[in-house]
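K.L.:
Sharing input.cif, mmCIF, C-alpha atoms and all ligand atoms:
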```
data_model
loop_
_atom_site.label_atom_id
_atom_site.label_comp_id
_atom_site.auth_asym_id
_atom_site.auth_seq_id
_atom_site.Cartn_x
_atom_site.Cartn_y
_atom_site.Cartn_z
CA MET A 10 20.45 7.18 35.57
CA ARG A 11 23.18 8.36 33.28
CA LYS A 12 26.18 8.94 35.45
CA ASN A 13 28.50 11.84 34.87
CA ASN A 14 31.84 10.13 35.32
CA SER A 15 33.72 13.39 35.68
CA LEU A 16 32.13 13.94 39.04
CA LYS A 17 33.78 12.39 42.05
CA ILE A 18 30.65 11.81 43.97
CA THR A 19 29.66 9.18 46.46
CA LEU A 20 27.41 7.11 44.32
CA ILE A 21 26.83 3.59 45.42
CA LEU A 22 26.10 1.45 42.42
CA LEU A 23 23.94 -1.32 43.65
CA VAL A 24 22.25 -2.70 40.61
CA SER A 25 22.85 -6.32 41.37
CA VAL A 26 22.32 -5.93 45.09
CA LEU A 27 19.08 -4.13 44.50
CA ALA A 28 17.68 -6.61 42.06
CA GLY A 29 16.34 -8.68 44.93
CA CYS A 30 14.51 -5.80 46.58
CA ALA A 31 13.39 -3.88 43.52
CA PRO A 32 9.73 -2.90 43.70
CA ARG A 33 7.15 -4.75 41.70
CA TYR A 34 5.49 -2.68 39.03
CA LEU A 35 2.37 -3.37 37.15
CA SER A 36 2.67 -4.24 33.53
CA GLN A 37 -0.74 -5.89 33.36
CA LYS A 38 -3.74 -6.47 35.58
CA PRO A 39 -2.26 -7.65 38.83
CA GLU A 40 -2.89 -10.95 40.50
CA PRO A 41 -5.69 -10.20 42.96
CA GLU A 42 -3.63 -11.00 46.07
CA VAL A 43 -1.09 -8.34 45.17
CA ALA A 44 -3.34 -5.69 43.62
CA LEU A 45 -1.19 -2.59 43.40
CA ILE A 46 -2.30 0.83 42.30
CA ARG A 47 -0.29 3.82 41.09
CA ILE A 48 -1.59 7.16 42.30
CA ALA A 49 -0.71 10.53 40.73
CA LEU A 50 -0.01 12.61 43.84
CA GLY A 51 1.48 15.71 42.26
CA ARG A 52 2.00 17.15 38.81
CA GLY A 53 3.70 20.23 37.44
CA LEU A 54 6.15 20.08 40.35
CA SER A 55 9.22 22.29 40.02
CA GLN A 56 11.26 19.79 42.05
CA ALA A 57 11.04 16.60 44.08
CA GLU A 58 13.27 16.68 47.14
CA VAL A 59 14.04 13.20 48.47
CA GLN A 60 15.39 12.19 51.88
CA GLY A 61 15.00 9.43 54.42
CA ALA A 62 16.00 8.25 57.86
CA ASP A 63 17.28 5.11 56.16
CA THR A 64 19.08 4.81 52.81
CA VAL A 65 16.82 5.77 49.91
CA TYR A 66 17.50 4.18 46.54
CA LEU A 67 16.98 5.79 43.18
CA SER A 68 16.98 3.77 40.00
CA ASP A 69 16.16 4.03 36.36
CA ARG A 70 16.33 1.22 33.84
CA GLU A 71 20.12 1.08 33.87
CA HIS A 72 21.57 2.46 37.08
CA SER A 73 20.95 2.85 40.74
CA ALA A 74 22.17 5.29 43.34
CA ALA A 75 21.64 5.75 47.03
CA ILE A 76 20.91 8.73 49.22
CA VAL A 77 22.44 8.15 52.63
CA PRO A 78 20.63 9.35 55.78
CA GLY A 79 21.21 13.03 56.40
CA GLN A 80 21.42 13.83 52.69
CA SER A 81 18.67 15.36 50.60
CA TRP A 82 18.73 15.11 46.81
CA LYS A 83 16.58 16.98 44.35
CA LEU A 84 15.04 15.74 41.13
CA LEU A 85 14.57 18.65 38.73
CA PRO A 86 12.99 19.02 35.28
CA ALA A 87 15.63 19.19 32.54
CA ALA A 88 15.66 19.34 28.77
CA GLY A 89 14.51 15.96 27.52
CA GLY A 90 13.77 14.53 30.95
CA LEU A 91 14.93 15.22 34.46
CA MET A 92 18.16 15.56 36.37
CA ILE A 93 19.36 14.90 39.90
CA GLN A 94 21.10 17.40 42.12
CA THR A 95 22.90 15.90 45.09
CA SER A 96 23.29 17.44 48.54
CA GLN A 97 26.73 18.66 47.45
CA GLY A 98 25.21 20.47 44.44
CA GLN A 99 26.54 17.99 41.89
CA THR A 100 24.29 17.00 39.03
CA LEU A 101 23.47 13.73 37.32
CA GLY A 102 21.60 13.42 34.08
CA PRO A 103 19.73 14.14 32.00
CA ILE A 104 17.61 11.08 32.71
CA ARG A 105 15.00 10.07 30.20
CA GLY A 106 11.95 8.18 31.36
CA PHE A 107 11.50 8.00 35.08
CA VAL A 108 13.27 7.44 38.38
CA ARG A 109 12.00 4.92 40.92
CA ILE A 110 12.50 5.73 44.56
CA TYR A 111 12.30 3.22 47.38
CA SER A 112 13.66 2.34 50.76
CA LYS A 113 13.25 -0.43 53.31
CA SER A 114 11.63 2.11 55.65
CA SER A 115 9.56 5.19 54.96
CA PHE A 116 11.08 8.20 53.22
CA PHE A 117 10.03 11.72 52.23
CA ILE A 118 9.48 13.48 48.93
CA ASN A 119 8.74 17.19 49.29
CA GLN A 120 8.05 16.52 53.00
CA ARG A 121 5.35 13.94 52.15
CA GLU A 122 5.94 10.58 53.77
CA PHE A 123 6.04 7.47 51.57
CA SER A 124 5.92 3.94 52.91
CA GLY A 125 6.02 2.29 49.47
CA PRO A 126 7.75 2.91 46.17
CA ALA A 127 7.42 6.20 44.33
CA GLU A 128 8.22 7.26 40.82
CA VAL A 129 9.11 10.67 39.42
CA ARG A 130 8.99 11.44 35.72
CA ARG A 131 8.80 14.47 33.50
CA ALA A 132 5.12 15.35 33.21
CA ALA A 133 3.56 15.46 29.76
CA ASP A 134 2.49 19.05 30.33
CA ASN A 135 5.14 20.64 32.52
CA GLY A 136 7.34 20.06 35.54
CA LEU A 137 7.51 16.70 37.28
CA LEU A 138 4.88 14.05 37.89
CA LEU A 139 5.03 12.27 41.27
CA VAL A 140 3.45 8.83 41.43
CA MET A 141 3.08 6.62 44.46
CA GLU A 142 2.52 2.89 44.28
CA THR A 143 0.70 1.06 47.02
CA GLU A 144 -1.57 -1.90 47.67
CA LEU A 145 -5.16 -1.32 46.69
CA GLU A 146 -6.40 -2.08 50.22
CA LYS A 147 -4.01 0.47 51.76
CA TYR A 148 -5.01 3.04 49.14
CA LEU A 149 -8.65 2.56 50.12
CA LEU A 150 -7.92 3.59 53.72
CA GLY A 151 -6.90 7.01 52.39
CA VAL A 152 -9.79 7.23 49.93
CA VAL A 153 -12.53 6.39 52.43
CA SER A 154 -10.94 8.83 54.94
CA ALA A 155 -10.91 11.63 52.38
CA GLU A 156 -14.21 10.88 50.67
CA MET A 157 -16.36 10.28 53.76
CA GLY A 158 -14.48 12.30 56.39
CA ARG A 159 -12.20 10.96 59.08
CA GLY A 160 -14.78 11.43 61.83
CA ARG A 161 -17.64 9.59 60.13
CA GLN A 162 -19.32 7.07 62.48
CA GLU A 163 -21.77 5.20 60.20
CA LEU A 164 -19.93 1.93 59.60
CA GLU A 165 -22.29 0.57 56.91
CA ALA A 166 -21.97 3.79 54.89
CA LEU A 167 -18.17 3.55 55.18
CA LYS A 168 -18.32 -0.05 53.98
CA ALA A 169 -20.51 0.95 51.03
CA GLN A 170 -17.99 3.65 50.13
CA ALA A 171 -15.12 1.18 50.44
CA VAL A 172 -16.78 -1.27 48.03
CA ALA A 173 -17.70 1.50 45.57
CA SER A 174 -14.19 2.99 45.69
CA ARG A 175 -12.52 -0.43 45.41
CA SER A 176 -14.65 -1.22 42.34
CA TYR A 177 -13.91 2.14 40.74
CA ALA A 178 -10.19 1.93 41.44
CA PHE A 179 -9.94 -1.66 40.22
CA THR A 180 -11.22 -0.64 36.79
CA LYS A 181 -8.50 2.02 36.60
CA ILE A 182 -5.58 -0.32 37.29
CA GLY A 183 -3.59 -0.78 34.12
CA ALA A 184 -6.24 1.04 32.07
CA SER A 185 -3.96 3.89 30.87
CA PRO A 186 -0.53 2.33 30.38
CA GLY A 187 0.91 5.42 28.69
CA ALA A 188 0.00 7.78 31.52
CA GLY A 189 2.53 6.48 34.05
CA TYR A 190 -0.14 6.09 36.72
CA ASP A 191 -3.57 4.53 37.24
CA ILE A 192 -5.58 7.08 39.16
CA GLU A 193 -5.68 10.76 40.14
CA ALA A 194 -5.67 11.68 43.83
CA GLY A 195 -8.30 14.39 43.33
CA VAL A 196 -11.96 14.88 42.50
CA GLN A 197 -11.34 13.89 38.87
CA HIS A 198 -11.20 10.33 40.22
CA GLN A 199 -11.18 9.81 43.99
CA VAL A 200 -9.84 12.09 46.69
CA TYR A 201 -6.97 10.48 48.59
CA ASP A 202 -5.57 11.29 52.04
CA SER A 203 -2.07 9.86 52.40
CA SER A 204 -1.97 10.22 56.19
CA ARG A 205 -0.83 7.01 57.85
CA ASP A 206 -3.00 7.69 60.87
CA VAL A 207 -6.25 5.98 59.82
CA PRO A 208 -9.37 6.22 62.04
CA PRO A 209 -10.21 2.74 63.43
CA LEU A 210 -13.75 2.66 62.01
CA ILE A 211 -12.48 3.41 58.51
CA ARG A 212 -9.87 0.67 58.86
CA LYS A 213 -12.64 -1.71 59.96
CA ALA A 214 -14.85 -0.76 56.98
CA VAL A 215 -12.04 -1.50 54.52
CA GLU A 216 -10.95 -4.70 56.27
CA ASP A 217 -14.51 -6.03 56.69
CA THR A 218 -15.08 -5.68 52.94
CA ARG A 219 -11.59 -6.77 51.88
CA GLY A 220 -11.50 -7.63 48.18
CA GLN A 221 -15.23 -6.98 47.69
CA VAL A 222 -16.31 -5.26 44.50
CA MET A 223 -19.52 -4.77 42.55
CA THR A 224 -19.85 -6.61 39.27
CA CYS A 225 -22.41 -6.39 36.49
CA ASP A 226 -22.51 -9.00 33.74
CA GLY A 227 -19.40 -10.49 35.32
CA LYS A 228 -17.31 -7.31 35.06
CA VAL A 229 -16.18 -5.04 37.87
CA ILE A 230 -18.02 -1.73 37.53
CA ALA A 231 -16.55 1.78 37.54
CA ALA A 232 -18.80 2.79 40.42
CA ASN A 233 -19.28 6.54 40.33
CA PHE A 234 -20.37 8.31 43.49
CA HIS A 235 -20.99 11.85 44.68
CA SER A 236 -21.78 13.85 47.81
CA THR A 237 -25.51 14.61 47.66
CA CYS A 238 -27.99 13.84 44.90
CA GLY A 239 -30.60 16.27 46.22
CA GLY A 240 -33.52 13.85 45.98
CA ARG A 241 -32.85 11.72 42.89
CA THR A 242 -29.66 10.36 41.38
CA ALA A 243 -28.77 10.87 37.72
CA LEU A 244 -28.16 8.57 34.78
CA ALA A 245 -24.83 8.95 33.01
CA SER A 246 -26.51 10.56 29.98
CA GLU A 247 -27.86 13.38 32.19
CA VAL A 248 -24.36 14.39 33.19
CA TRP A 249 -21.91 13.38 30.49
CA GLN A 250 -21.98 12.76 26.75
CA ALA A 251 -22.60 9.11 27.48
CA LEU A 252 -24.91 6.36 26.32
CA ASP A 253 -26.83 4.79 29.20
CA GLU A 254 -26.60 1.38 27.51
CA ARG A 255 -22.91 1.41 28.36
CA PHE A 256 -23.75 1.81 32.05
CA PRO A 257 -26.32 -0.90 32.79
CA PHE A 258 -25.39 -0.73 36.49
CA LEU A 259 -26.61 2.85 36.90
CA LYS A 260 -30.13 3.97 37.67
CA SER A 261 -31.93 7.14 38.59
CA ALA A 262 -32.79 6.32 42.19
CA LYS A 263 -35.22 8.30 44.32
CA ASP A 264 -33.44 9.29 47.51
CA ASP A 265 -35.25 10.23 50.72
CA HIS A 266 -32.13 9.99 52.85
CA CYS A 267 -29.72 12.72 51.79
CA ASN A 268 -31.75 15.64 53.19
CA ILE A 269 -29.36 15.50 56.16
CA SER A 270 -26.61 16.85 53.91
CA PRO A 271 -25.47 20.44 54.55
CA ARG A 272 -25.72 20.90 50.78
CA TYR A 273 -29.18 19.43 50.33
CA TYR A 274 -30.51 22.95 49.68
CA TRP A 275 -28.28 25.78 48.67
CA GLN A 276 -28.39 29.18 47.06
CA ASP A 277 -25.69 30.80 44.97
CA THR A 278 -25.41 34.12 43.18
CA VAL A 279 -23.36 34.43 40.01
CA THR A 280 -22.78 37.96 38.76
CA ALA A 281 -22.77 39.00 35.10
CA ARG A 282 -19.11 39.92 35.47
CA GLU A 283 -18.23 36.40 36.70
CA MET A 284 -20.08 34.84 33.76
CA LEU A 285 -18.41 37.18 31.24
CA ASP A 286 -14.95 36.47 32.66
CA LYS A 287 -15.52 32.75 32.33
CA LEU A 288 -17.52 32.56 29.10
CA PHE A 289 -16.24 35.54 27.09
CA PRO A 290 -12.68 36.23 28.26
CA GLY A 291 -11.52 39.74 27.44
CA GLN A 292 -15.13 40.96 27.03
CA SER A 293 -15.77 42.05 30.58
CA GLN A 294 -17.48 45.26 29.42
CA ALA A 295 -20.06 43.31 27.40
CA LYS A 296 -23.67 43.02 28.53
CA ILE A 297 -25.63 39.83 29.12
CA ARG A 298 -29.15 40.02 27.69
CA LYS A 299 -30.58 36.71 28.78
CA VAL A 300 -29.82 33.53 30.73
CA GLU A 301 -32.26 30.69 30.18
CA VAL A 302 -32.68 27.00 30.92
CA LEU A 303 -33.24 25.18 27.62
CA GLY A 304 -33.87 21.72 28.96
CA ARG A 305 -34.12 19.57 32.05
CA SER A 306 -33.63 15.84 32.64
CA ASN A 307 -36.00 13.43 34.35
CA SER A 308 -34.11 13.84 37.63
CA GLY A 309 -34.55 17.62 37.46
CA ARG A 310 -31.03 18.50 36.31
CA VAL A 311 -30.47 21.35 33.90
CA GLN A 312 -29.31 19.89 30.58
CA ALA A 313 -28.63 23.11 28.67
CA LEU A 314 -28.15 26.67 29.84
CA LYS A 315 -28.04 29.45 27.24
CA ILE A 316 -26.25 32.71 27.95
CA SER A 317 -26.95 35.47 25.42
CA ALA A 318 -24.65 38.47 25.47
CA ASP A 319 -24.17 41.39 23.09
CA CYS A 320 -20.80 39.88 22.19
CA GLY A 321 -22.27 36.47 21.35
CA ASP A 322 -24.32 33.55 22.62
CA THR A 323 -23.17 30.34 24.19
CA VAL A 324 -24.83 27.20 25.52
CA LEU A 325 -23.40 25.09 28.34
CA TYR A 326 -24.49 21.47 28.46
CA LYS A 327 -24.87 19.00 31.31
CA ASP A 328 -21.89 18.86 33.70
CA LYS A 329 -20.14 21.68 31.79
CA ILE A 330 -22.68 23.94 33.48
CA ARG A 331 -21.10 23.17 36.86
CA PHE A 332 -17.58 24.06 35.78
CA GLY A 333 -18.15 26.49 32.92
CA LEU A 334 -20.34 29.21 34.36
CA SER A 335 -18.11 30.96 36.87
CA ALA A 336 -14.67 30.67 38.45
CA SER A 337 -16.00 28.64 41.38
CA PRO A 338 -18.00 25.57 40.31
CA VAL A 339 -21.77 25.45 40.72
CA LEU A 340 -22.59 22.79 43.33
CA SER A 341 -25.01 20.84 41.18
CA THR A 342 -27.09 21.21 38.02
CA ARG A 343 -30.24 20.51 40.00
CA PHE A 344 -31.24 24.16 40.38
CA GLU A 345 -33.92 26.74 39.64
CA LEU A 346 -32.82 30.00 38.10
CA LYS A 347 -33.83 33.57 38.94
CA VAL A 348 -32.47 36.35 36.76
CA GLN A 349 -31.80 39.80 38.24
CA SER A 350 -31.67 42.75 35.86
CA ASP A 351 -30.21 46.24 36.03
CA LYS A 352 -32.21 49.36 35.19
CA GLU A 353 -31.29 49.07 31.52
CA GLY A 354 -32.74 45.57 31.39
CA PHE A 355 -29.44 43.68 31.16
CA VAL A 356 -28.69 40.73 33.41
CA SER A 357 -26.83 41.85 36.52
CA SER A 358 -26.71 38.46 38.24
CA ILE A 359 -28.44 35.12 38.45
CA ILE A 360 -29.59 33.46 41.64
CA LEU A 361 -29.41 29.67 41.67
CA GLU A 362 -31.59 27.82 44.16
CA GLY A 363 -30.35 24.29 44.11
CA SER A 364 -30.34 20.92 45.78
CA GLY A 365 -27.43 18.50 46.01
CA TYR A 366 -23.71 18.57 45.50
CA GLY A 367 -21.77 16.78 42.80
CA HIS A 368 -22.65 15.12 39.50
CA GLY A 369 -25.39 12.96 40.99
CA VAL A 370 -24.36 9.64 39.39
CA GLY A 371 -24.19 6.40 41.40
CA LEU A 372 -23.88 6.24 45.18
CA CYS A 373 -25.07 9.34 47.07
CA GLN A 374 -22.73 9.59 50.06
CA TRP A 375 -25.14 11.52 52.28
CA GLY A 376 -27.94 9.16 51.27
CA ALA A 377 -25.71 6.25 52.28
CA ILE A 378 -25.12 7.91 55.66
CA GLY A 379 -28.87 8.39 56.10
CA MET A 380 -29.58 4.76 55.19
CA ALA A 381 -26.88 3.52 57.58
CA ARG A 382 -28.44 5.56 60.38
CA GLU A 383 -31.71 3.74 59.68
CA GLY A 384 -29.97 0.40 60.10
CA LYS A 385 -29.52 -0.54 56.44
CA SER A 386 -26.53 -2.73 55.55
CA TYR A 387 -23.88 -1.71 53.08
CA LYS A 388 -25.29 -4.24 50.60
CA ASN A 389 -28.76 -2.66 50.91
CA ILE A 390 -27.18 0.74 50.37
CA LEU A 391 -25.23 -0.28 47.27
CA LYS A 392 -28.22 -2.06 45.74
CA HIS A 393 -30.30 1.06 46.23
CA TYR A 394 -27.92 3.12 44.09
CA TYR A 395 -26.69 0.55 41.56
CA ARG A 396 -28.83 -1.86 39.58
CA GLU A 397 -28.21 -5.47 38.68
CA VAL A 398 -24.95 -5.64 40.61
CA GLU A 399 -23.45 -8.53 42.48
CA ILE A 400 -21.22 -7.84 45.45
CA LYS A 401 -18.45 -10.36 45.72
CA ALA A 402 -14.89 -10.76 46.88
CA ILE A 403 -12.32 -11.13 44.11
CA TYR A 404 -9.59 -12.03 46.59
ZN ZN A 501 -29.11 11.53 47.67
#
```
Just dump the structure as structure tokens.
Ligand SMILES: [Zn+2]
P.N.:
Amino acid sequence: MRKNNSLKITLILLVSVLAGCAPRYLSQKPEPEVALIRIALGRGLSQAEVQGADTVYLSDREHSAAIVPGQSWKLLPAAGGLMIQTSQGQTLGPIRGFVRIYSKSSFFINQREFSGPAEVRRAADNGLLLVMETELEKYLLGVVSAEMGRGRQELEALKAQAVASRSYAFTKIGASPGAGYDIEAGVQHQVYDSSRDVPPLIRKAVEDTRGQVMTCDGKVIAANFHSTCGGRTALASEVWQALDERFPFLKSAKDDHCNISPRYYWQDTVTAREMLDKLFPGQSQAKIRKVEVLGRSNSGRVQALKISADCGDTVLYKDKIRFGLSASPVLSTRFELKVQSDKEGFVSSIILEGSGYGHGVGLCQWGAIGMAREGKSYKNILKHYYREVEIKAIY
């Protein structure tokens, strides 16, 4: 970090001392034994407050500084980068690029505990981006906990999730070098629970499948998964603007096992007002004349939904239907539609009677749970939802 020499502050410059314990960062696909992954834990943050029970080190490309126990320093967005505010209110910076944060024991950023290195940089959009780096196997403990639930008891389903999540995550490592991280900690990629208290069965599922991924044509696959398919999983082309030839490992699998899901059947009502607010902002007084399904895929998912209003028409396609129709997402596009009209004949609301939850591509988590309860192995489960895959350990 650029040091402001006019400040008489207690900075410990430790560049040479730290060289031996500096964290390893990925600049290319890692060696399998040390697979590390960088997780975007927070973005748009107004500050990152750092403290630790042991000394916490901060470094950029040129300088290093240390936060002694009992002190708490803040990283703040600043013009052209970020700046550091010490416990005494003194400032350092601006710093361009990013600041790495690490300690020989765990430390805290915004009260979140870190046991491995972290990185804070100015986000491309706004505020600060907080990235955590950890070993892929440790990351999976938090993913399986969050994705399957900490209380889940079906070991083979947990193992199937671990292999699917490991495969997916592996394809993300190093794939977006400009982003500053590999993977999002939310539903865009995989949900991640950073709690260090991992349920024993989840730890066993990850350890029993250590290093195992699914490959197709010799390449690790980006194994998508979802909560509940509702009876049949979807091909990529049913959900995204995607060519199925690019996803030879996906299939539309019939699923008799996910009817145990609490979201196997569902009903939702979306009012005309909710649709207008989402689809025609600023036109809340407009009237909707018609809502119609224009097409359906082989697995029963709505492919195009047309909304005709007196202020214009619009068509939502595929997965955009889930996120584009109302403020709260529609659970799945596998639904039947009933239109309710007011006395003037305009649409007052639509009732969606649906099955399933999520995009429907790849592994169905509730189906996996159902198969595990019937005694199926994690390999049986994975081969039910993915085609032409090999399951093998890469380390
Ligand atoms: Zn299913």
K.L.:
Near Asp191 in chain A, within 6 Å and counting all atoms listed in the file, which residues show up once chain neighbours fewer than 3 positions away are dropped, as a list in words?
P.N.:
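Here the qualifying residues turn out to be Arg47, Lys181 and Ile182 of chain A.
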K.L.:
Taking only C-alpha atoms into account, name the residue in A:Val215, A:Ala74, A:Ala188, A:Ala87 that is nearest to Leu150 in chain A.
P.N.:
A:Val215
K.L.:
Of the candidates A:Ser358, A:Gln97, A:Gln276, A:Thr242, which shows the shortest atom-to-atom distance to Leu340 in chain A, using all atoms listed in the file?
P.N.:
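That would be A:Gln276, the residue with the smallest distance to Leu340 in chain A.
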K.L.:
Write out as a ChimeraX atom specification the residues lying within 10 Å of range 53-65 of chain A, counting only C-alpha atoms and excluding same-chain residues fewer than 2 positions away.
P.N.:
/A:51,67,74-86,91-95,110-123,129,131-139
K.L.:
With distances taken over all atoms listed in the file, which of A:Tyr66, A:Trp375, A:Tyr177, A:Trp249 is nearest to Tyr326 in chain A?
P.N.:
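Under the stated criterion, the closest residue is A:Trp249.
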K.L.:
Do a neighbour search on Tyr148 in chain A at 9 Å with all atoms listed in the file, toss out local chain neighbours closer than 2 positions, and write the hits as number ranges by chain.
P.N.:
A: 45-46, 48, 142-146, 150-153, 201-203
K.L.:
Please check which protein, DNA or RNA residues sit within 7 Å of ligand ZN 501 (chain A), counting all atoms listed in the file, and write them as a VMD selection string.
P.N.:
chain A and resid 237 to 242 264 to 267 373 375 to 376
K.L.:
Take CA of Asp69 in chain A and CA of Glu128 in chain A and report the distance between them in Å, one decimal.
P.N.:
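Result for CA of Asp69 in chain A versus CA of Glu128 in chain A: 9.7 Å, one decimal.
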K.L.:
What is the CA of Asn307 in chain A-CA of Ser261 in chain A distance in Å, reported with one decimal?
P.N.:
8.6 Å
K.L.:
Measuring between all atoms listed in the file, which one of A:Ile230, A:Ile192, A:Val370, A:Leu210 shows the shortest distance to Lys401 in chain A?
P.N.:
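Once distances to Lys401 in chain A are computed over all atoms listed in the file, the minimum belongs to A:Ile230.
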